[in-house]
Amino acid sequence: MESYPALAFVLLFSATLSSTCDGGKVLLYPVDGSHWLNMKILVEVLHSRGHQITVLRSSTSWYVSEFSPHYTSITITQEQSQNIESQDFMNSFLKKSIEIRRSEGSLWAFLDFYMNLYSMIRENQQVVAKLVISIFENKTLIKELRETGYDLFLTDPAFPGGVLLAHYLQLPLVFNVRWLFNGEAHFAIAPSPLSYVPELFSQNSDKMDFFERLNNIIRHGMLVYMYHYVSNPPYQAVCDHYFGPDVNVMSLMQAADLWLMRVDFTFEFPRPTMPNVIYIGGFQGKPSKPLPSDLEEFVQSSGEHGVVVMTLGTLLGDLGPEISEIIASAFSNLPQKVVWRHIGKRPITLGNNTMLVEWLPQNDLLGHPKTKVFVTHGGTNGIYEAIYHGVPVLGIPLIFDQYDNMVRMKARGVGEIVEVTALDVESLTSALKNILDSEKPYKQNMLKLSQLHLDKPIKPIDSAIFWMEYVMKHKGAAHLRTESYKLPWYAYHSLDVMAVFVALGLLIIALVWFSCGCLIGCLIRTKKATSKSKND
């Protein structure tokens with residue numbers, strides 16, 4: 001009998017999920033690349049539930065197709081593409097990043113790292129700001145968007161063009177988010193004590209000694225600088241022109257109704273959060289499908305040793321011949337078979353146990369029972385798929401948040417990190433054999449992590465859909481949003497209150513000092529008068 005209330009809750013929630021909000025209209029402004037790959041999952045599920053999705057895409061878009069059975073697209077003409085949409089640029093950026101890391105530890109390397117990052121970010125933000133202006137100036141398009149009567153605006157705010165457009169159209173705003181244009185998204189809306197919340201690029205865990213906390217504060221300062229002097233100026237110019245000088249992009253972000261955060265606390269370190277943050281980390285996780293026949297045959301040929309899978313994501317397939325030869329040599333030392341997504345010249349040292357492919361079904365390979373280790377650059381999508389399927393990881397982090405992601409995996413005891421600038425055949429072979437060793441706890445730790453990740457009352461994708469439909473149904477979710485973003489910075493930190501207390505304290509001290517001075521003066525005068533009268 002005790003199980004009936006729980007059963008009733010499950011049935012009630014299932015009924016809630018099964019009822020759409022009468023086929024809402026969703027306007028979507030995506031970010032390209034790997035960000036679109038997970039946004040596309042939300043689009044497909046929303047479409048399956050009867051919602052009409054319109055996607056605003058750039059004419060230079062790399063991943064966002066103009067035609068799709070799941071959405072209608074509106075293509076915005078863009079003369080200049082973002083540099084992150086260029087394979088050549090990303091290869092050049094990666095090469096320079098690796099060169100900088102070779103001299104890591106020096107002040108010049110520290111500054112050079114941020115100058116390289118600032119240069120890339122500045123150009124991208126300028127391009128996106130120009131695209132937003134072209135949308136605002138297209139009065140026919142704006143009229144069409146207004147008259148359509150959208151119920152929801154969905155965007156990824158890493159490049160906040162969608163944030164500005166949502167405000168312009170006055171639509172309920174939902175984020176599919178992990179990063180903003182000034183760092184990790186939590187820092188914009190939730191208390192983030194730097195004593196135990198690691199900042200982007202700090203490579204810290206949540207357990208920091210004094211010097212790590214010092215590093216954390218310095219890294220935070222560099223990102224604050226990036227926000228004020230690199231990322232924000234192009235958008236502030238747009239705000240000043242179209243909304244007035246009292247509006248800024250950060251306040252518009254903080255006013256969003258809902259944050260669908262691509263984070264799960266089996267992966268992320270615990271930290272303060274807010275009521276309108278819904279955690280959907282791992283929402284892309286799904287059971288594996290059968291492999292293509294040729295790939296299945298190769299995997300099965302591995303016997304009891306199993307398979308190692310390696311891919312460096314969508315943008316970074318080619319590490320150059322020198323590093324590729326090192327990786328190929330290390331793989332040839334293993335008894336396992338290896339499936340390696342590799343773009344570039346075939347390594348001379350490639351062993352007979354390694355299959356090179358230009359594309360691989362990553363989720364299906366990770367879900368295969370013969371897969372033993374996942375060698376990855378540390379991208380979020382791949383890491384969550386590895387957690388879903390319980391496959392330990394060896395990280396070769398390259399750029400952006402990848403090193404920080406791998407720090408989290410290492411802290412959980414489910415992976416190791418090899419530094420790309422110090423990579424050699426011996427160290428890579430040793431790291432692989434260490435994780436493959438059945439006596440080491442990596443596999444057991446990852447299976448436990450996978451169990452924790454999957455043990456939820458609601459699947460992350462179902463939670464995401466429920467809350468988006470919730471916002472459509474109720475025309476927003478302002479009751480879940482803190483109003484702190486409307487406070488000036490000094491009021492947010494209660495500096496004005498502290499100033500009053502300090503002023504009152506100083507006033508009391510001054511009064512006591514003055515009173516004591518007067519009392520002492522009176523006593524001295526009285527004593528002198530008494531002494532004089534005695535002498536007389």
# chains A, B, ... in the order shown; residues from 1 in each chain; ligands from 1
$ select_by_dssp --residues "region 24-254 of chain A" --states "strand (DSSP E)" --output "ChimeraX atom specification"
/A:25-29,52-58,72-76,152-155,173-177,179-180,183-184
$ write_last_selection --atoms "N, CA and C atoms" --output "compact mmCIF listing (two decimals), in the first residue's frame"
# COMPACT_ATOMS: atom_id res chain seq x y z
N LYS A 25 4.48 27.81 -30.54
CA LYS A 25 5.39 28.29 -31.58
C LYS A 25 6.69 28.74 -30.94
N VAL A 26 7.79 28.15 -31.40
CA VAL A 26 9.10 28.41 -30.82
C VAL A 26 10.00 29.07 -31.85
N LEU A 27 10.58 30.20 -31.47
CA LEU A 27 11.59 30.86 -32.31
C LEU A 27 12.95 30.56 -31.72
N LEU A 28 13.86 30.07 -32.56
CA LEU A 28 15.14 29.58 -32.07
C LEU A 28 16.29 30.30 -32.78
N TYR A 29 17.23 30.80 -31.97
CA TYR A 29 18.44 31.43 -32.49
C TYR A 29 19.62 30.59 -31.99
N GLN A 52 5.73 23.99 -33.29
CA GLN A 52 6.25 24.52 -34.54
C GLN A 52 7.52 25.32 -34.23
N ILE A 53 8.61 24.93 -34.85
CA ILE A 53 9.90 25.58 -34.57
C ILE A 53 10.38 26.34 -35.80
N THR A 54 10.78 27.57 -35.58
CA THR A 54 11.39 28.39 -36.62
C THR A 54 12.82 28.70 -36.18
N VAL A 55 13.77 28.38 -37.04
CA VAL A 55 15.18 28.57 -36.72
C VAL A 55 15.74 29.71 -37.55
N LEU A 56 16.30 30.70 -36.87
CA LEU A 56 17.01 31.78 -37.55
C LEU A 56 18.46 31.33 -37.76
N ARG A 57 18.86 31.18 -38.99
CA ARG A 57 20.20 30.70 -39.30
C ARG A 57 20.93 31.70 -40.18
N SER A 58 22.25 31.69 -40.07
CA SER A 58 23.07 32.55 -40.91
C SER A 58 23.31 31.89 -42.26
N THR A 72 11.25 24.99 -39.59
CA THR A 72 11.29 25.91 -40.73
C THR A 72 12.41 26.89 -40.48
N SER A 73 13.21 27.16 -41.48
CA SER A 73 14.35 28.06 -41.28
C SER A 73 14.12 29.40 -41.94
N ILE A 74 14.70 30.42 -41.35
CA ILE A 74 14.79 31.75 -41.95
C ILE A 74 16.28 32.06 -42.05
N THR A 75 16.77 32.23 -43.26
CA THR A 75 18.20 32.45 -43.46
C THR A 75 18.50 33.95 -43.51
N ILE A 76 19.42 34.38 -42.66
CA ILE A 76 19.84 35.77 -42.61
C ILE A 76 21.15 35.90 -43.38
N LEU A 152 7.67 31.28 -27.32
CA LEU A 152 8.93 31.03 -26.63
C LEU A 152 10.10 31.38 -27.54
N PHE A 153 11.13 31.94 -26.95
CA PHE A 153 12.38 32.20 -27.67
C PHE A 153 13.45 31.33 -27.02
N LEU A 154 14.03 30.42 -27.80
CA LEU A 154 15.06 29.50 -27.30
C LEU A 154 16.39 29.85 -27.95
N THR A 155 17.44 30.00 -27.14
CA THR A 155 18.74 30.35 -27.69
C THR A 155 19.85 29.83 -26.81
N LEU A 173 11.99 34.02 -22.60
CA LEU A 173 13.33 33.62 -23.03
C LEU A 173 13.82 32.41 -22.23
N VAL A 174 14.26 31.37 -22.97
CA VAL A 174 14.82 30.17 -22.37
C VAL A 174 16.20 29.93 -22.98
N PHE A 175 17.16 29.59 -22.12
CA PHE A 175 18.53 29.31 -22.56
C PHE A 175 18.81 27.81 -22.55
N ASN A 176 19.46 27.34 -23.59
CA ASN A 176 20.15 26.04 -23.57
C ASN A 176 21.62 26.41 -23.42
N VAL A 177 22.20 26.21 -22.22
CA VAL A 177 23.39 26.98 -21.88
C VAL A 177 24.37 26.19 -21.03
N TRP A 179 27.89 27.99 -21.32
CA TRP A 179 28.84 29.09 -21.36
C TRP A 179 28.18 30.38 -21.82
N LEU A 180 28.62 31.49 -21.26
CA LEU A 180 28.25 32.82 -21.74
C LEU A 180 29.47 33.43 -22.41
N GLY A 183 32.37 33.59 -19.77
CA GLY A 183 32.78 32.45 -18.96
C GLY A 183 31.62 31.53 -18.64
N GLU A 184 31.76 30.79 -17.54
CA GLU A 184 30.76 29.79 -17.15
C GLU A 184 29.47 30.48 -16.72
$ residues_around --residues "Glu44 (chain A)" --least-positions-apart "2" --cutoff "12 Å" --atoms "only C-alpha atoms" --output "ChimeraX atom specification"
/A:36-42,46-53,68-71,284,461,465
$ atom_distance --atom1 "CA of Leu366 (chain A)" --atom2 "CA of Gly390 (chain A)"
8.3 Å
$ atom_distance --atom1 "CA of Met274 (chain A)" --atom2 "CA of Ile121 (chain A)"
27.9 Å
$ residues_around --residues "region 392-408 of chain A" --least-positions-apart "5" --cutoff "7 Å" --atoms "only C-alpha atoms" --output "list in words"
Leu94, Leu200, Phe201, Gln203, Ser205, Phe267, Glu268, Val373, Phe374, Val375, Thr376, His377, Gly378, Gly379, Ala386, Val414, Gly415, Glu416, Ile417, Val418, Glu419, Val420, Tyr442, Lys443 and Met446 of chain A
$ closest_residue --among "A:Pro290, A:Pro172, A:Gly303, A:Pro191" --to "Pro335 (chain A)" --atoms "only C-alpha atoms"
A:Gly303
$ select_by_dssp --residues "region 185-307 of chain A" --states "alpha helix (DSSP H)" --output "ChimeraX atom specification"
/A:186-189,210-226,232-242,249-254,293-300
$ atom_distance --atom1 "CA of Gln451 (chain A)" --atom2 "CA of Arg271 (chain A)"
21.5 Å
$ residues_around --residues "Trp489 (chain A)" --least-positions-apart "6" --cutoff "12 Å" --atoms "only C-alpha atoms" --output "list in words"
Ser251, Leu495 and Asp496 of chain A
